[in-house]
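Peer 1: One file: coords.csv (CSV, C-alpha atoms and all ligand atoms).
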chain,number,residue,atom,x,y,z
A,1262,MET,CA,232.1,70.8,85.8
A,1263,ILE,CA,234.4,68.4,87.7
A,1264,LYS,CA,236.6,66.3,85.5
A,1265,LEU,CA,239.1,64.9,88.0
A,1266,PHE,CA,238.6,63.7,91.6
A,1267,LEU,CA,241.8,63.9,93.6
A,1268,PHE,CA,242.3,61.9,96.7
A,1269,ASP,CA,244.6,62.0,99.7
A,1270,ILE,CA,245.4,58.5,101.1
A,1271,GLU,CA,246.1,58.5,104.8
A,1272,GLY,CA,242.9,59.4,106.7
A,1273,THR,CA,240.9,59.7,103.4
A,1274,THR,CA,241.0,56.5,101.3
A,1275,THR,CA,242.9,54.6,104.0
A,1276,ASP,CA,242.9,54.2,107.8
A,1277,ILE,CA,245.5,56.5,109.2
A,1278,ASN,CA,246.5,53.6,111.5
A,1279,PHE,CA,247.5,51.3,108.6
A,1280,VAL,CA,251.0,52.7,108.6
A,1281,HIS,CA,251.5,52.5,112.3
A,1282,LYS,CA,249.6,49.3,113.1
A,1283,VAL,CA,250.5,47.2,110.0
A,1284,LEU,CA,253.4,48.6,108.0
A,1285,PHE,CA,255.7,49.6,110.9
A,1286,PRO,CA,255.3,46.5,113.0
A,1287,TYR,CA,255.8,44.3,109.8
A,1288,SER,CA,259.1,46.1,109.1
A,1289,GLU,CA,260.1,45.7,112.7
A,1290,LYS,CA,259.4,42.0,112.7
A,1291,CYS,CA,261.2,41.3,109.4
A,1292,LEU,CA,264.1,43.8,109.6
A,1293,LYS,CA,266.8,41.6,111.2
A,1294,ASP,CA,266.3,38.6,108.8
A,1295,TYR,CA,265.9,40.9,105.8
A,1296,VAL,CA,269.2,42.7,106.5
A,1297,LEU,CA,271.1,39.5,107.3
A,1298,ASN,CA,269.9,37.9,104.1
A,1299,HIS,CA,270.4,40.9,101.9
A,1300,GLN,CA,273.6,42.5,103.3
A,1301,ASN,CA,275.2,42.4,99.8
A,1302,HIS,CA,272.2,44.0,98.0
A,1303,PRO,CA,273.5,47.4,96.8
A,1304,THR,CA,270.6,49.4,98.4
A,1305,VAL,CA,271.1,47.6,101.7
A,1306,VAL,CA,274.9,48.1,101.6
A,1307,LYS,CA,274.5,51.8,101.0
A,1308,ALA,CA,271.8,52.1,103.7
A,1309,LEU,CA,273.9,50.3,106.4
A,1310,GLU,CA,276.8,52.6,105.5
A,1311,ASP,CA,274.5,55.7,106.0
A,1312,VAL,CA,273.4,54.4,109.4
A,1313,ARG,CA,277.0,53.9,110.5
A,1314,LYS,CA,277.9,57.4,109.3
A,1315,THR,CA,275.0,59.0,111.2
A,1316,VAL,CA,275.8,57.1,114.4
A,1317,GLN,CA,279.5,58.0,114.0
A,1318,GLN,CA,278.6,61.7,113.8
A,1319,GLU,CA,276.1,61.7,116.6
A,1320,GLU,CA,277.5,59.3,119.1
A,1321,GLN,CA,281.2,58.8,117.9
A,1322,LYS,CA,280.6,55.0,117.8
A,1323,GLN,CA,281.6,52.4,115.2
A,1324,LEU,CA,278.8,49.9,114.8
A,1325,GLY,CA,279.1,46.3,113.8
A,1326,LEU,CA,276.3,44.7,111.7
A,1327,TYR,CA,274.2,43.6,114.6
A,1328,GLU,CA,274.5,47.0,116.2
A,1329,VAL,CA,273.3,48.6,113.0
A,1330,ILE,CA,270.3,46.3,113.0
A,1331,GLU,CA,269.6,47.3,116.7
A,1332,LYS,CA,269.9,51.0,115.7
A,1333,LEU,CA,267.4,50.6,112.8
A,1334,LEU,CA,264.9,48.8,115.2
A,1335,GLU,CA,265.3,51.7,117.7
A,1336,TRP,CA,264.6,54.2,114.9
A,1337,ILE,CA,261.4,52.3,113.8
A,1338,LYS,CA,260.2,52.6,117.4
A,1339,ILE,CA,260.7,56.4,117.6
A,1340,ASP,CA,259.6,56.9,113.9
A,1341,ARG,CA,262.8,58.5,113.0
A,1342,LYS,CA,262.6,59.8,109.4
A,1343,HIS,CA,266.0,58.6,108.3
A,1344,GLY,CA,266.6,57.9,104.6
A,1345,ALA,CA,268.4,54.7,105.2
A,1346,LEU,CA,265.6,53.3,107.3
A,1347,LYS,CA,263.0,54.4,104.7
A,1348,GLU,CA,265.0,52.6,102.0
A,1349,ILE,CA,265.1,49.3,103.9
A,1350,GLN,CA,261.5,49.5,105.0
A,1351,GLY,CA,260.5,50.1,101.4
A,1352,LEU,CA,262.3,46.9,100.3
A,1353,ILE,CA,260.7,44.9,103.2
A,1354,TRP,CA,257.2,46.2,102.4
A,1355,ASP,CA,257.6,45.3,98.7
A,1356,VAL,CA,258.2,41.7,99.8
A,1357,GLY,CA,255.3,41.8,102.2
A,1358,TYR,CA,252.8,43.1,99.7
A,1359,THR,CA,253.8,40.7,97.0
A,1360,LYS,CA,253.8,37.7,99.4
A,1361,ASN,CA,250.4,38.8,100.5
A,1362,ASP,CA,251.5,39.1,104.2
A,1363,PHE,CA,249.2,42.1,104.4
A,1364,LYS,CA,247.1,44.3,102.1
A,1365,GLY,CA,246.9,48.0,101.6
A,1366,HIS,CA,243.9,49.2,103.7
A,1367,VAL,CA,241.2,50.9,101.6
A,1368,TYR,CA,237.9,51.8,103.1
A,1369,PRO,CA,234.9,49.9,101.6
A,1370,ASP,CA,233.2,53.0,100.2
A,1371,VAL,CA,236.2,53.9,98.0
A,1372,LYS,CA,235.8,51.3,95.3
A,1373,PRO,CA,232.1,51.9,94.6
A,1374,PHE,CA,232.8,55.7,94.4
A,1375,PHE,CA,235.8,55.0,92.0
A,1376,MET,CA,233.5,52.9,89.8
A,1377,LYS,CA,230.8,55.6,89.7
A,1378,ILE,CA,233.4,58.2,88.8
A,1379,LEU,CA,234.7,56.1,85.9
A,1380,ASP,CA,231.2,55.2,84.8
A,1381,LYS,CA,230.6,59.0,84.3
A,1382,GLY,CA,233.7,59.2,82.2
A,1383,LEU,CA,235.6,61.2,84.8
A,1384,LYS,CA,239.1,60.6,86.2
A,1385,ILE,CA,240.7,59.6,89.4
A,1386,GLY,CA,244.0,61.0,90.8
A,1387,ILE,CA,246.0,60.4,94.1
A,1388,TYR,CA,248.0,63.0,95.9
A,1389,SER,CA,249.9,61.7,99.0
A,1390,SER,CA,253.2,62.5,100.7
A,1391,GLY,CA,254.1,58.8,100.5
A,1392,SER,CA,256.2,58.0,97.4
A,1393,ILE,CA,254.4,57.1,94.1
A,1394,HIS,CA,255.8,53.7,94.4
A,1395,ALA,CA,254.3,53.3,97.9
A,1396,GLN,CA,250.9,54.7,96.6
A,1397,LYS,CA,250.8,52.1,93.8
A,1398,LEU,CA,251.5,49.3,96.3
A,1399,ILE,CA,248.7,50.3,98.6
A,1400,PHE,CA,246.1,50.4,95.8
A,1401,GLY,CA,247.6,47.5,93.8
A,1402,TYR,CA,247.5,45.1,96.7
A,1403,SER,CA,244.5,46.6,98.5
A,1404,THR,CA,241.8,45.1,100.8
A,1405,GLU,CA,239.5,46.0,97.9
A,1406,GLY,CA,241.6,44.2,95.2
A,1407,ASP,CA,243.8,45.9,92.6
A,1408,LEU,CA,242.5,49.4,92.1
A,1409,THR,CA,245.4,50.7,90.0
A,1410,PRO,CA,243.7,50.2,86.7
A,1411,MET,CA,241.1,52.8,87.9
A,1412,ILE,CA,243.6,55.5,88.7
A,1413,SER,CA,244.9,57.9,86.0
A,1414,TYR,CA,247.3,60.1,88.0
A,1415,TYR,CA,249.7,59.8,91.0
A,1416,PHE,CA,251.3,62.8,92.7
A,1417,ASP,CA,253.7,62.9,95.6
A,1418,THR,CA,255.7,65.7,97.1
A,1419,GLN,CA,257.8,66.0,93.9
A,1420,VAL,CA,255.0,68.5,92.9
A,1421,GLY,CA,255.5,70.3,96.3
A,1422,GLY,CA,254.2,70.1,99.8
A,1423,LYS,CA,250.5,69.3,100.5
A,1424,ARG,CA,249.9,72.5,102.4
A,1425,GLU,CA,251.2,74.7,99.5
A,1426,ARG,CA,248.9,76.4,97.0
A,1427,LYS,CA,251.5,76.0,94.2
A,1428,SER,CA,251.4,72.2,94.4
A,1429,TYR,CA,247.8,72.2,93.5
A,1430,GLN,CA,248.4,74.6,90.7
A,1431,ARG,CA,251.1,72.3,89.4
A,1432,ILE,CA,248.7,69.3,89.5
A,1433,ALA,CA,246.2,71.3,87.4
A,1434,GLU,CA,249.0,72.1,84.9
A,1435,GLU,CA,250.2,68.5,84.7
A,1436,THR,CA,246.7,67.2,84.1
A,1437,ARG,CA,245.9,70.0,81.7
A,1438,LEU,CA,242.8,71.0,83.6
A,1439,SER,CA,241.8,74.2,85.2
A,1440,PRO,CA,241.8,74.0,89.1
A,1441,ALA,CA,238.0,74.5,89.0
A,1442,GLU,CA,237.7,71.1,87.1
A,1443,ILE,CA,239.4,69.3,90.0
A,1444,HIS,CA,237.8,68.3,93.3
A,1445,PHE,CA,240.2,67.4,96.2
A,1446,PHE,CA,239.4,65.2,99.2
A,1447,SER,CA,241.5,65.2,102.4
A,1448,ASP,CA,241.3,64.8,106.2
A,1449,ILE,CA,243.6,67.7,106.8
A,1450,PRO,CA,242.1,71.3,106.8
A,1451,GLU,CA,245.5,72.9,105.9
A,1452,GLU,CA,245.6,70.8,102.7
A,1453,LEU,CA,242.0,71.7,101.8
A,1454,GLU,CA,242.8,75.4,102.4
A,1455,ALA,CA,245.8,75.2,99.9
A,1456,ALA,CA,243.7,73.4,97.3
A,1457,GLN,CA,240.9,75.9,97.7
A,1458,ASP,CA,243.3,78.8,97.3
A,1459,ALA,CA,244.4,77.3,94.1
A,1460,GLY,CA,240.8,77.2,92.9
A,1461,MET,CA,239.9,73.6,93.4
A,1462,GLY,CA,236.7,72.3,94.9
A,1463,ILE,CA,237.2,70.6,98.2
A,1464,THR,CA,235.6,68.3,100.7
A,1465,HIS,CA,236.8,67.4,104.2
A,1466,ILE,CA,236.7,63.6,104.8
A,1467,LEU,CA,235.8,62.7,108.4
A,1468,ARG,CA,236.9,59.2,109.2
A,1469,ALA,CA,236.9,57.8,112.8
A,1470,GLY,CA,239.1,60.1,114.8
A,1471,THR,CA,239.2,63.1,112.4
A,1472,LYS,CA,238.2,66.4,113.9
A,1473,PRO,CA,235.6,68.4,111.9
A,1474,SER,CA,236.6,71.8,110.5
A,1475,HIS,CA,234.7,74.8,108.9
A,1476,PHE,CA,234.9,73.0,105.6
A,1477,GLU,CA,232.0,71.0,104.2
A,1478,ALA,CA,232.5,67.4,105.3
A,1479,VAL,CA,231.4,63.8,104.6
A,1480,SER,CA,232.2,60.6,106.4
A,1481,ASP,CA,231.5,58.2,103.5
A,1482,PHE,CA,232.1,58.7,99.8
A,1483,ARG,CA,228.8,57.0,99.0
A,1484,VAL,CA,227.1,60.4,99.9
A,1485,PHE,CA,228.7,61.8,96.8
A,1486,MET,CA,227.4,59.1,94.4
A,1487,ASP,CA,224.0,60.6,94.0
A,1488,PHE,CA,225.5,63.9,92.8
A,1489,LEU,CA,227.5,62.4,90.0
A,1501,MG,MG,245.6,62.5,105.0
Written as structure tokens, that's how I'd like the structure from this file.
Peer 2:
Amino acid sequence: MIKLFLFDIEGTTTDINFVHKVLFPYSEKCLKDYVLNHQNHPTVVKALEDVRKTVQQEEQKQLGLYEVIEKLLEWIKIDRKHGALKEIQGLIWDVGYTKNDFKGHVYPDVKPFFMKILDKGLKIGIYSSGSIHAQKLIFGYSTEGDLTPMISYYFDTQVGGKRERKSYQRIAEETRLSPAEIHFFSDIPEELEAAQDAGMGITHILRAGTKPSHFEAVSDFRVFMDFL
């Protein structure tokens, strides 16, 4: 008997393009003003220092403030996974969500499915490689309203990588359920494989652009509602 439904975000509850077409361009647009207006914010000070250090090591150059900003903009364009950029982007997105400049994209079939799950007395969890803070922002300020009161558990890569069996075992331990009581939804076959190896039930979610796999798949959560 399933007790917990566990959801991936990107490509499952949320359009995979949300990050690239909404979040990245927003941070690019706001970065210069944000940094200039918050250059004494301790997180920003530390991040700017880290950028300078990296460039010093890689290019033997000393950067002034405007050059650091240019470098950060360059890194957004090439999607460089640098901690300093992630920190500043996180701060900019916090502002964007709370100012309602954009909403976290959630597909319209997600909320009715969440409601049905809760109706049946079952639980909802999220497992995404984005930080728990970022997960709560997406669902808290979503296109479907604030869904956070519906969600009991959030997991990020603190429990381990999404393609590792152990991570799913850890999620079962932390929720005090047996893996067989958890059903995991994702768009990535390697993640489904790992969850299945841990003993969870799985379904491949096929949104526009996702390639099918040998796993059982659905393209809309409403398909599931009749089985609950
Ligand atoms: Mg995904």
Peer 1: What's the separation between CA of Leu1292 in chain A and CA of Ile1349 in chain A, in Å to one decimal place?
Peer 2: 8.0 Å
Peer 1: Which is closer to ligand MG 1501 (chain A) than all the others in A:Val1329, A:Val1479, A:Ile1387, A:Val1312, using only C-alpha atoms and all ligand atoms?
Peer 2: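 Of A:Val1329, A:Val1479, A:Ile1387, A:Val1312, the one nearest ligand MG 1501 (chain A), counting only C-alpha atoms and all ligand atoms, is A:Ile1387.
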Peer 1: Can you tell me which residues sit at most 6 Å away from ligand MG 1501 (chain A), counting only C-alpha atoms and all ligand atoms, written as a ChimeraX atom specification?
Peer 2: /A:1269-1273,1447-1449
Peer 1: Hey, which of A:Tyr1368, A:Glu1328, A:Ser1428, A:Phe1482 ends up closest to Val1296 in chain A? Count only C-alpha atoms.
Peer 2: A:Glu1328
Peer 1: Please identify all polymer residues within 9 Å of Lys1322 in chain A, counting only C-alpha atoms, omitting same-chain residues fewer than 5 positions from it, and present them as a list in words.
Peer 2: Arg1313, Val1316 and Gln1317 of chain A
Peer 1: Rounded to one decimal place, report the CA of Gly1365 in chain A-CA of Phe1279 in chain A distance in Å.
Peer 2: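 Taking CA of Gly1365 in chain A and CA of Phe1279 in chain A, their separation equals 7.8 Å.
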Peer 1: Identify, on the basis of all atoms listed in the file, every residue whose closest approach to Leu1453 in chain A does not exceed 12 Å; exclude the query and any residue fewer than 2 positions from it along the same chain; express the result as number ranges by chain.
Peer 2: A: 1267-1269, 1423-1426, 1428-1429, 1444-1451, 1455-1466, 1474-1478
Peer 1: Let me make sure I understand: among A:Met1376, A:Leu1333, A:Ala1308, A:Ile1412, which one has the smallest atom-to-atom distance to Glu1348 in chain A if we use all atoms listed in the file?
Peer 2: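 Of the candidates, the smallest distance to Glu1348 in chain A is held by A:Ala1308.
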Peer 1: CA of Asp1380 in chain A and CA of Arg1431 in chain A, how far apart in Å?
Peer 2: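 Calculated distance between CA of Arg1431 in chain A and CA of Asp1380 in chain A is 26.6 Å.
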Peer 1: Using all atoms listed in the file for the distances, tell me which of A:Gly1470, A:Gly1357, A:Gly1325, A:Pro1440 is nearest to Ile1399 in chain A.
Peer 2: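 Closest residue, counting all atoms listed in the file: A:Gly1357.
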Peer 1: So which one's closest to Gly1406 in chain A, A:Leu1383, A:Val1367, A:Val1420, A:Leu1352? Using only C-alpha atoms, please.
Peer 2: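 The closest residue to Gly1406 in chain A is A:Val1367.
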Peer 1: Between A:Glu1442, A:Asp1370, A:Glu1434, A:Asp1417, which is the closest to Thr1275 in chain A once you count all atoms listed in the file?
Peer 2: A:Asp1370
Peer 1: Residues near Lys1338 in chain A, anyone? I mean within 12 Å using only C-alpha atoms, not counting same-chain ones fewer than 5 positions away, as an mmCIF file with C-alpha atoms, keeping the file's coordinate frame.
Peer 2:
data_model
loop_
_atom_site.group_PDB
_atom_site.id
_atom_site.type_symbol
_atom_site.label_atom_id
_atom_site.label_comp_id
_atom_site.auth_asym_id
_atom_site.auth_seq_id
_atom_site.Cartn_x
_atom_site.Cartn_y
_atom_site.Cartn_z
ATOM 1 C CA HIS A 1281 251.500 52.500 112.300
ATOM 2 C CA LYS A 1282 249.600 49.300 113.100
ATOM 3 C CA PHE A 1285 255.700 49.600 110.900
ATOM 4 C CA PRO A 1286 255.300 46.500 113.000
ATOM 5 C CA SER A 1288 259.100 46.100 109.100
ATOM 6 C CA GLU A 1289 260.100 45.700 112.700
ATOM 7 C CA LYS A 1290 259.400 42.000 112.700
ATOM 8 C CA GLU A 1331 269.600 47.300 116.700
ATOM 9 C CA LYS A 1332 269.900 51.000 115.700
ATOM 10 C CA LEU A 1333 267.400 50.600 112.800
ATOM 11 C CA LEU A 1346 265.600 53.300 107.300
#
